[in-house]
Each structure stands twice: as structure tokens, then as C-alpha cells.
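Colleague: I am sharing upload25.json, which consists of JSON, C-alpha atoms:
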[["chain", "number", "residue", "atom", "x", "y", "z"],
["A", 1, "MET", "CA", -38.99, 19.12, -9.24],
["A", 2, "THR", "CA", -35.62, 18.12, -8.00],
["A", 3, "ARG", "CA", -32.56, 18.53, -10.17],
["A", 4, "GLU", "CA", -32.05, 14.79, -10.41],
["A", 5, "ARG", "CA", -35.58, 14.36, -11.71],
["A", 6, "GLN", "CA", -35.06, 17.14, -14.29],
["A", 7, "ARG", "CA", -31.84, 15.55, -15.48],
["A", 8, "ALA", "CA", -33.53, 12.18, -15.75],
["A", 9, "GLU", "CA", -36.29, 13.63, -17.93],
["A", 10, "ARG", "CA", -33.85, 15.21, -20.37],
["A", 11, "VAL", "CA", -32.71, 12.54, -22.79],
["A", 12, "CYS", "CA", -30.03, 12.91, -25.38],
["A", 13, "PRO", "CA", -31.42, 11.77, -28.76],
["A", 14, "LEU", "CA", -28.36, 9.61, -29.33],
["A", 15, "HIS", "CA", -28.92, 7.75, -26.08],
["A", 16, "ALA", "CA", -32.72, 7.55, -26.08],
["A", 17, "HIS", "CA", -32.54, 3.78, -26.54],
["A", 18, "ARG", "CA", -31.10, 3.47, -23.03],
["A", 19, "ASP", "CA", -34.46, 4.39, -21.49],
["A", 20, "ARG", "CA", -36.33, 1.58, -23.21],
["A", 21, "PRO", "CA", -36.40, -1.78, -21.46],
["A", 22, "THR", "CA", -34.22, -4.37, -23.09],
["A", 23, "PRO", "CA", -36.21, -7.50, -23.95],
["A", 24, "ARG", "CA", -34.83, -10.73, -22.61],
["A", 25, "LEU", "CA", -34.39, -13.29, -25.31],
["A", 26, "VAL", "CA", -35.21, -16.94, -24.91],
["A", 27, "ALA", "CA", -35.07, -19.70, -27.47],
["A", 28, "ALA", "CA", -38.36, -20.25, -29.23],
["A", 29, "ALA", "CA", -39.81, -23.71, -28.95],
["A", 30, "PRO", "CA", -39.87, -25.24, -32.45],
["A", 31, "ALA", "CA", -43.10, -26.78, -33.67],
["A", 32, "ALA", "CA", -43.10, -30.55, -33.43],
["A", 33, "SER", "CA", -44.34, -31.14, -36.96],
["A", 34, "THR", "CA", -42.19, -28.79, -39.07],
["A", 35, "PRO", "CA", -38.78, -27.32, -38.24],
["A", 36, "PRO", "CA", -38.24, -23.64, -39.05],
["A", 37, "THR", "CA", -36.89, -23.00, -42.51],
["A", 38, "ARG", "CA", -33.66, -21.09, -43.04],
["A", 39, "SER", "CA", -31.84, -19.93, -46.06],
["A", 40, "PRO", "CA", -28.26, -21.17, -45.90],
["A", 41, "GLY", "CA", -25.93, -18.77, -44.14],
["A", 42, "SER", "CA", -28.26, -15.79, -44.06],
["A", 43, "SER", "CA", -30.82, -16.32, -41.31],
["A", 44, "ILE", "CA", -31.36, -18.07, -38.02],
["A", 45, "PRO", "CA", -34.55, -19.02, -36.19],
["A", 46, "ALA", "CA", -35.90, -16.02, -34.30],
["A", 47, "LEU", "CA", -35.96, -15.84, -30.55],
["A", 48, "ALA", "CA", -39.16, -15.04, -28.70],
["A", 49, "THR", "CA", -39.18, -12.46, -25.95],
["A", 50, "ALA", "CA", -39.75, -13.63, -22.42],
["A", 51, "GLY", "CA", -43.45, -13.78, -21.66],
["A", 52, "GLY", "CA", -44.34, -13.57, -25.34],
["A", 53, "SER", "CA", -45.93, -16.10, -27.59],
["A", 54, "SER", "CA", -43.73, -18.55, -29.43],
["A", 55, "ALA", "CA", -46.48, -19.88, -31.69],
["A", 56, "SER", "CA", -45.02, -18.32, -34.83],
["A", 57, "VAL", "CA", -41.35, -18.64, -35.54],
["A", 58, "SER", "CA", -39.86, -16.00, -37.80],
["A", 59, "THR", "CA", -36.31, -15.53, -38.96],
["A", 60, "VAL", "CA", -33.78, -12.85, -38.14],
["A", 61, "THR", "CA", -31.36, -11.92, -40.89],
["A", 62, "ARG", "CA", -27.69, -11.93, -39.96],
["A", 63, "GLU", "CA", -25.45, -9.04, -40.80],
["A", 64, "GLU", "CA", -22.95, -9.80, -43.52],
["A", 65, "PRO", "CA", -19.41, -10.12, -42.19],
["A", 66, "PRO", "CA", -17.16, -7.24, -43.15],
["A", 67, "SER", "CA", -15.42, -7.74, -46.44],
["A", 68, "THR", "CA", -11.74, -8.50, -46.40],
["A", 69, "PRO", "CA", -9.57, -5.42, -46.86],
["A", 70, "GLY", "CA", -8.33, -4.74, -50.35],
["A", 71, "ILE", "CA", -4.87, -3.70, -51.40],
["A", 72, "LEU", "CA", -5.67, 0.00, -51.03],
["A", 73, "GLU", "CA", -6.98, -0.41, -47.47],
["A", 74, "ILE", "CA", -3.83, -2.31, -46.55],
["A", 75, "GLY", "CA", -1.80, 0.44, -48.20],
["A", 76, "VAL", "CA", -3.60, 3.11, -46.18],
["A", 77, "PHE", "CA", -2.96, 1.18, -42.98],
["A", 78, "LEU", "CA", 0.74, 0.93, -43.86],
["A", 79, "ALA", "CA", 0.79, 4.66, -44.69],
["A", 80, "GLU", "CA", -0.67, 5.41, -41.25],
["A", 81, "LEU", "CA", 1.98, 3.22, -39.63],
["A", 82, "ALA", "CA", 4.64, 5.00, -41.68],
["A", 83, "LEU", "CA", 3.28, 8.36, -40.47],
["A", 84, "LEU", "CA", 3.53, 7.11, -36.90],
["A", 85, "ALA", "CA", 7.14, 6.03, -37.54],
["A", 86, "VAL", "CA", 7.93, 9.40, -39.13],
["A", 87, "LEU", "CA", 6.54, 11.28, -36.13],
["A", 88, "VAL", "CA", 8.56, 9.14, -33.72],
["A", 89, "TYR", "CA", 11.71, 9.58, -35.84],
["A", 90, "VAL", "CA", 11.24, 13.35, -36.06],
["A", 91, "GLY", "CA", 10.69, 13.63, -32.32],
["A", 92, "ILE", "CA", 13.86, 11.69, -31.62],
["A", 93, "ALA", "CA", 16.07, 13.10, -34.41],
["A", 94, "LEU", "CA", 15.58, 16.81, -33.79],
["A", 95, "PRO", "CA", 18.27, 18.41, -31.62],
["A", 96, "GLY", "CA", 17.60, 18.94, -27.95],
["A", 97, "THR", "CA", 17.90, 17.22, -24.63],
["A", 98, "VAL", "CA", 16.86, 13.62, -24.25],
["A", 99, "VAL", "CA", 13.88, 14.59, -22.11],
["A", 100, "GLY", "CA", 12.86, 17.26, -24.64],
["A", 101, "ARG", "CA", 13.01, 14.80, -27.52],
["A", 102, "ILE", "CA", 10.94, 12.23, -25.63],
["A", 103, "VAL", "CA", 8.33, 14.85, -24.74],
["A", 104, "LEU", "CA", 8.25, 16.09, -28.36],
["A", 105, "THR", "CA", 7.76, 12.53, -29.62],
["A", 106, "ILE", "CA", 4.90, 11.88, -27.22],
["A", 107, "VAL", "CA", 3.23, 15.21, -28.02],
["A", 108, "LEU", "CA", 3.49, 14.66, -31.80],
["A", 109, "VAL", "CA", 2.02, 11.17, -31.62],
["A", 110, "VAL", "CA", -0.75, 12.09, -29.19],
["A", 111, "VAL", "CA", -1.80, 15.24, -31.06],
["A", 112, "VAL", "CA", -1.84, 13.64, -34.50],
["A", 113, "PHE", "CA", -3.17, 10.18, -33.78],
["A", 114, "VAL", "CA", -5.24, 10.48, -30.65],
["A", 115, "VAL", "CA", -6.71, 13.94, -31.05],
["A", 116, "VAL", "CA", -6.97, 14.54, -34.79],
["A", 117, "TRP", "CA", -7.07, 11.08, -36.34],
["A", 118, "GLY", "CA", -9.10, 9.41, -33.62],
["A", 119, "ARG", "CA", -11.69, 12.16, -33.45],
["A", 120, "TRP", "CA", -12.24, 13.06, -37.12],
["A", 121, "LEU", "CA", -10.51, 10.65, -39.51],
["A", 122, "ALA", "CA", -10.68, 7.10, -38.15],
["A", 123, "PRO", "CA", -13.22, 4.79, -39.83],
["A", 124, "ARG", "CA", -15.16, 4.45, -36.58],
["A", 125, "ALA", "CA", -14.64, 8.02, -35.37],
["A", 126, "PRO", "CA", -17.60, 9.45, -33.47],
["A", 127, "ARG", "CA", -17.50, 12.67, -35.51],
["A", 128, "ARG", "CA", -16.05, 11.57, -38.82],
["A", 129, "LEU", "CA", -15.60, 14.39, -41.28],
["A", 130, "PRO", "CA", -17.42, 14.41, -44.62],
["A", 131, "PRO", "CA", -15.40, 13.18, -47.62],
["A", 132, "ARG", "CA", -13.93, 16.47, -48.85],
["A", 133, "PRO", "CA", -12.77, 17.97, -45.55],
["A", 134, "GLY", "CA", -11.64, 14.53, -44.37],
["A", 135, "LEU", "CA", -9.50, 14.00, -47.46],
["A", 136, "ALA", "CA", -8.10, 17.53, -47.20],
["A", 137, "LEU", "CA", -7.14, 16.95, -43.56],
["A", 138, "LYS", "CA", -5.51, 13.59, -44.38],
["A", 139, "VAL", "CA", -3.50, 15.16, -47.21],
["A", 140, "ALA", "CA", -2.42, 18.00, -44.88],
["A", 141, "ILE", "CA", -1.37, 15.62, -42.09],
["A", 142, "PHE", "CA", 0.76, 13.48, -44.42],
["A", 143, "ALA", "CA", 2.26, 16.64, -45.97],
["A", 144, "VAL", "CA", 3.17, 18.02, -42.55],
["A", 145, "GLY", "CA", 4.70, 14.64, -41.64],
["A", 146, "ALA", "CA", 6.83, 14.75, -44.82],
["A", 147, "ALA", "CA", 7.84, 18.37, -44.12],
["A", 148, "LEU", "CA", 8.90, 17.46, -40.58],
["A", 149, "LEU", "CA", 10.87, 14.52, -41.93],
["A", 150, "ALA", "CA", 12.64, 16.78, -44.45],
["A", 151, "TRP", "CA", 13.30, 19.34, -41.70],
["A", 152, "SER", "CA", 14.95, 16.66, -39.58],
["A", 153, "GLY", "CA", 17.54, 16.18, -42.34],
["A", 154, "VAL", "CA", 16.39, 13.30, -44.56],
["A", 155, "VAL", "CA", 14.98, 14.97, -47.67],
["A", 156, "VAL", "CA", 14.86, 12.10, -50.19],
["A", 157, "PRO", "CA", 12.96, 9.73, -47.87],
["A", 158, "ALA", "CA", 10.63, 12.64, -47.05],
["A", 159, "VAL", "CA", 9.80, 13.14, -50.74],
["A", 160, "VAL", "CA", 9.27, 9.40, -51.25],
["A", 161, "PHE", "CA", 7.07, 9.30, -48.14],
["A", 162, "LEU", "CA", 5.01, 12.25, -49.38],
["A", 163, "VAL", "CA", 4.45, 10.89, -52.90],
["A", 164, "VAL", "CA", 3.66, 7.32, -51.90],
["A", 165, "THR", "CA", 1.43, 8.05, -48.91],
["A", 166, "GLU", "CA", -0.53, 10.82, -50.65],
["A", 167, "ALA", "CA", -1.15, 8.64, -53.70],
["A", 168, "VAL", "CA", -2.34, 5.68, -51.64],
["A", 169, "VAL", "CA", -4.51, 7.73, -49.29],
["A", 170, "VAL", "CA", -6.16, 9.74, -52.07],
["A", 171, "ALA", "CA", -6.79, 6.66, -54.22],
["A", 172, "ALA", "CA", -8.31, 4.71, -51.32],
["A", 173, "GLU", "CA", -10.47, 7.61, -50.20],
["A", 174, "LEU", "CA", -11.80, 8.25, -53.70],
["A", 175, "ARG", "CA", -12.57, 4.55, -54.10],
["A", 176, "ARG", "CA", -14.28, 4.25, -50.72],
["A", 177, "ARG", "CA", -16.24, 7.51, -50.61],
["A", 178, "PRO", "CA", -16.56, 9.45, -53.87],
["A", 179, "LEU", "CA", -16.36, 13.19, -53.50],
["A", 180, "ARG", "CA", -19.67, 14.95, -54.08]]
For the structure just supplied, provide its representation as C-alpha cells.
Modeller:
Amino acid sequence: MTRERQRAERVCPLHAHRDRPTPRLVAAAPAASTPPTRSPGSSIPALATAGGSSASVSTVTREEPPSTPGILEIGVFLAELALLAVLVYVGIALPGTVVGRIVLTIVLVVVVFVVVWGRWLAPRAPRRLPPRPGLALKVAIFAVGAALLAWSGVVVPAVVFLVVTEAVVVAAELRRRPLR
């Protein structure tokens, strides 16, 4: 067997659906005597696959639209934006050359938001942490942000940032995913 053939035969379980043919969808012809029934807002007439029979028309249930964010979710989003602002401020406010401060700002933002938050803490992260370690990491990140802010010389705003962001993040996380 060639290497290409061996690679093609190995399938990652997460991507196994890619090997199956995707059915083409065409609109089903409605019966002339009775139109398909639908419950309001929750289903649509089904589509028949190409080459398949369209004698029976079934319904496909729609997914419910995501609920509107509550006050805690908006608070968490604002806390994340505040953390981003704190990291930018710390990178710029610490002493050093202009190039050094710009590099520090970029490194802080990339490490915290792209690497850590994007990989393990974001709602749609590919490897989202379970509730307890995720909450612990969030608390640690906001605490480090407050410590860096205090170290840059603004202690009172750092304490306010720590108290407010930790309270909002912990409350939202406990409401969304109870700790087990």
C-alpha cells in the first residue's frame, strides 16, 4: 500500500462525516390534494434527496434561535473587554522604550486572549475546560490582570477591577454551568 492510501484509510473520529457523501437536497413536490402541515414557527416541509421518492412529505424541526444574552452575559463580555483594556494599559504604562512597550502590549494580548482564552475559555472553544478548572483559570486571569494594573501604579482602579470582574464572572459561570 502506498502512503497516500494508508493516510486516506485512517480517519479521525471527529472528521468521519467528511467521508460520507453529502446528499443533495431538492424541494419535495407537494401533494395536489393536501398541503403539508406545519406547526407555526417550529417546522418546515422536508426536502427529499435527489433521486429519492417524494411521495411522503415529513417535517424537519428547526433549531431554536439562541436566547438573547442576559445581564450577566453582558457583564462578562464587558469584563473581558475591561481585561483587554487593562492589558493594553499595562503594556503601555510600564517603563521602557516605545518599541519594548508595544511588543509587551502585543505579547500580553496575544498570550491571554488568543492562546489561553481562545483555546480553553471561549464559549465556542475547541477544547473548552470543564466548569471547575475553567472557572479557576478565569479567576486567575482576572486576578493577574488586576495585579499587573496595580503594579503599573494605579492601585484603587486595580482593586475595583478585581472585585467587579471576579464577582460578575463567578456569578455568570455558576448560573450557566453549575459546579459538580
Colleague: Could you tell me how far atom CA of Leu108 of chain A sits from atom CA of Tyr89 of chain A, in Å to one decimal place?
Modeller: 10.5 Å
Colleague: How many Å separate atom CA of Leu121 of chain A from atom CA of Leu135 of chain A?
Modeller: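 Pair atom CA of Leu121 of chain A / atom CA of Leu135 of chain A returns 8.7 Å.
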Colleague: What is the atom CA of Val160 of chain A-atom CA of Val90 of chain A distance in Å, reported with one decimal?
Modeller: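 For atom CA of Val160 of chain A relative to atom CA of Val90 of chain A, the distance reads 15.8 Å.
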Colleague: Which residues, written as a PDB file with C-alpha atoms, keeping the file's coordinate frame, have at least one atom at most 12 Å from segment 139-149 of chain A, with all atoms listed in the file counted and residues fewer than 2 positions away on the same chain left out?
Modeller:
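The resulting file, result_34.pdb, is shown below:
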ATOM      1  CA  VAL A  76      -3.600   3.110 -46.180  1.00  0.00           C
ATOM      2  CA  ALA A  79       0.790   4.660 -44.690  1.00  0.00           C
ATOM      3  CA  GLU A  80      -0.670   5.410 -41.250  1.00  0.00           C
ATOM      4  CA  LEU A  81       1.980   3.220 -39.630  1.00  0.00           C
ATOM      5  CA  ALA A  82       4.640   5.000 -41.680  1.00  0.00           C
ATOM      6  CA  LEU A  83       3.280   8.360 -40.470  1.00  0.00           C
ATOM      7  CA  LEU A  84       3.530   7.110 -36.900  1.00  0.00           C
ATOM      8  CA  ALA A  85       7.140   6.030 -37.540  1.00  0.00           C
ATOM      9  CA  VAL A  86       7.930   9.400 -39.130  1.00  0.00           C
ATOM     10  CA  LEU A  87       6.540  11.280 -36.130  1.00  0.00           C
ATOM     11  CA  VAL A  88       8.560   9.140 -33.720  1.00  0.00           C
ATOM     12  CA  TYR A  89      11.710   9.580 -35.840  1.00  0.00           C
ATOM     13  CA  VAL A  90      11.240  13.350 -36.060  1.00  0.00           C
ATOM     14  CA  GLY A  91      10.690  13.630 -32.320  1.00  0.00           C
ATOM     15  CA  ILE A  92      13.860  11.690 -31.620  1.00  0.00           C
ATOM     16  CA  ALA A  93      16.070  13.100 -34.410  1.00  0.00           C
ATOM     17  CA  LEU A  94      15.580  16.810 -33.790  1.00  0.00           C
ATOM     18  CA  LEU A 108       3.490  14.660 -31.800  1.00  0.00           C
ATOM     19  CA  VAL A 109       2.020  11.170 -31.620  1.00  0.00           C
ATOM     20  CA  VAL A 111      -1.800  15.240 -31.060  1.00  0.00           C
ATOM     21  CA  VAL A 112      -1.840  13.640 -34.500  1.00  0.00           C
ATOM     22  CA  PHE A 113      -3.170  10.180 -33.780  1.00  0.00           C
ATOM     23  CA  VAL A 116      -6.970  14.540 -34.790  1.00  0.00           C
ATOM     24  CA  TRP A 117      -7.070  11.080 -36.340  1.00  0.00           C
ATOM     25  CA  LEU A 121     -10.510  10.650 -39.510  1.00  0.00           C
ATOM     26  CA  ARG A 132     -13.930  16.470 -48.850  1.00  0.00           C
ATOM     27  CA  PRO A 133     -12.770  17.970 -45.550  1.00  0.00           C
ATOM     28  CA  GLY A 134     -11.640  14.530 -44.370  1.00  0.00           C
ATOM     29  CA  LEU A 135      -9.500  14.000 -47.460  1.00  0.00           C
ATOM     30  CA  ALA A 136      -8.100  17.530 -47.200  1.00  0.00           C
ATOM     31  CA  LEU A 137      -7.140  16.950 -43.560  1.00  0.00           C
ATOM     32  CA  TRP A 151      13.300  19.340 -41.700  1.00  0.00           C
ATOM     33  CA  SER A 152      14.950  16.660 -39.580  1.00  0.00           C
ATOM     34  CA  GLY A 153      17.540  16.180 -42.340  1.00  0.00           C
ATOM     35  CA  VAL A 154      16.390  13.300 -44.560  1.00  0.00           C
ATOM     36  CA  VAL A 155      14.980  14.970 -47.670  1.00  0.00           C
ATOM     37  CA  VAL A 156      14.860  12.100 -50.190  1.00  0.00           C
ATOM     38  CA  PRO A 157      12.960   9.730 -47.870  1.00  0.00           C
ATOM     39  CA  ALA A 158      10.630  12.640 -47.050  1.00  0.00           C
ATOM     40  CA  VAL A 159       9.800  13.140 -50.740  1.00  0.00           C
ATOM     41  CA  VAL A 160       9.270   9.400 -51.250  1.00  0.00           C
ATOM     42  CA  PHE A 161       7.070   9.300 -48.140  1.00  0.00           C
ATOM     43  CA  LEU A 162       5.010  12.250 -49.380  1.00  0.00           C
ATOM     44  CA  VAL A 163       4.450  10.890 -52.900  1.00  0.00           C
ATOM     45  CA  VAL A 164       3.660   7.320 -51.900  1.00  0.00           C
ATOM     46  CA  THR A 165       1.430   8.050 -48.910  1.00  0.00           C
ATOM     47  CA  GLU A 166      -0.530  10.820 -50.650  1.00  0.00           C
ATOM     48  CA  ALA A 167      -1.150   8.640 -53.700  1.00  0.00           C
ATOM     49  CA  VAL A 168      -2.340   5.680 -51.640  1.00  0.00           C
ATOM     50  CA  VAL A 169      -4.510   7.730 -49.290  1.00  0.00           C
ATOM     51  CA  VAL A 170      -6.160   9.740 -52.070  1.00  0.00           C
ATOM     52  CA  ALA A 171      -6.790   6.660 -54.220  1.00  0.00           C
ATOM     53  CA  GLU A 173     -10.470   7.610 -50.200  1.00  0.00           C
TER      54      GLU A 173
END
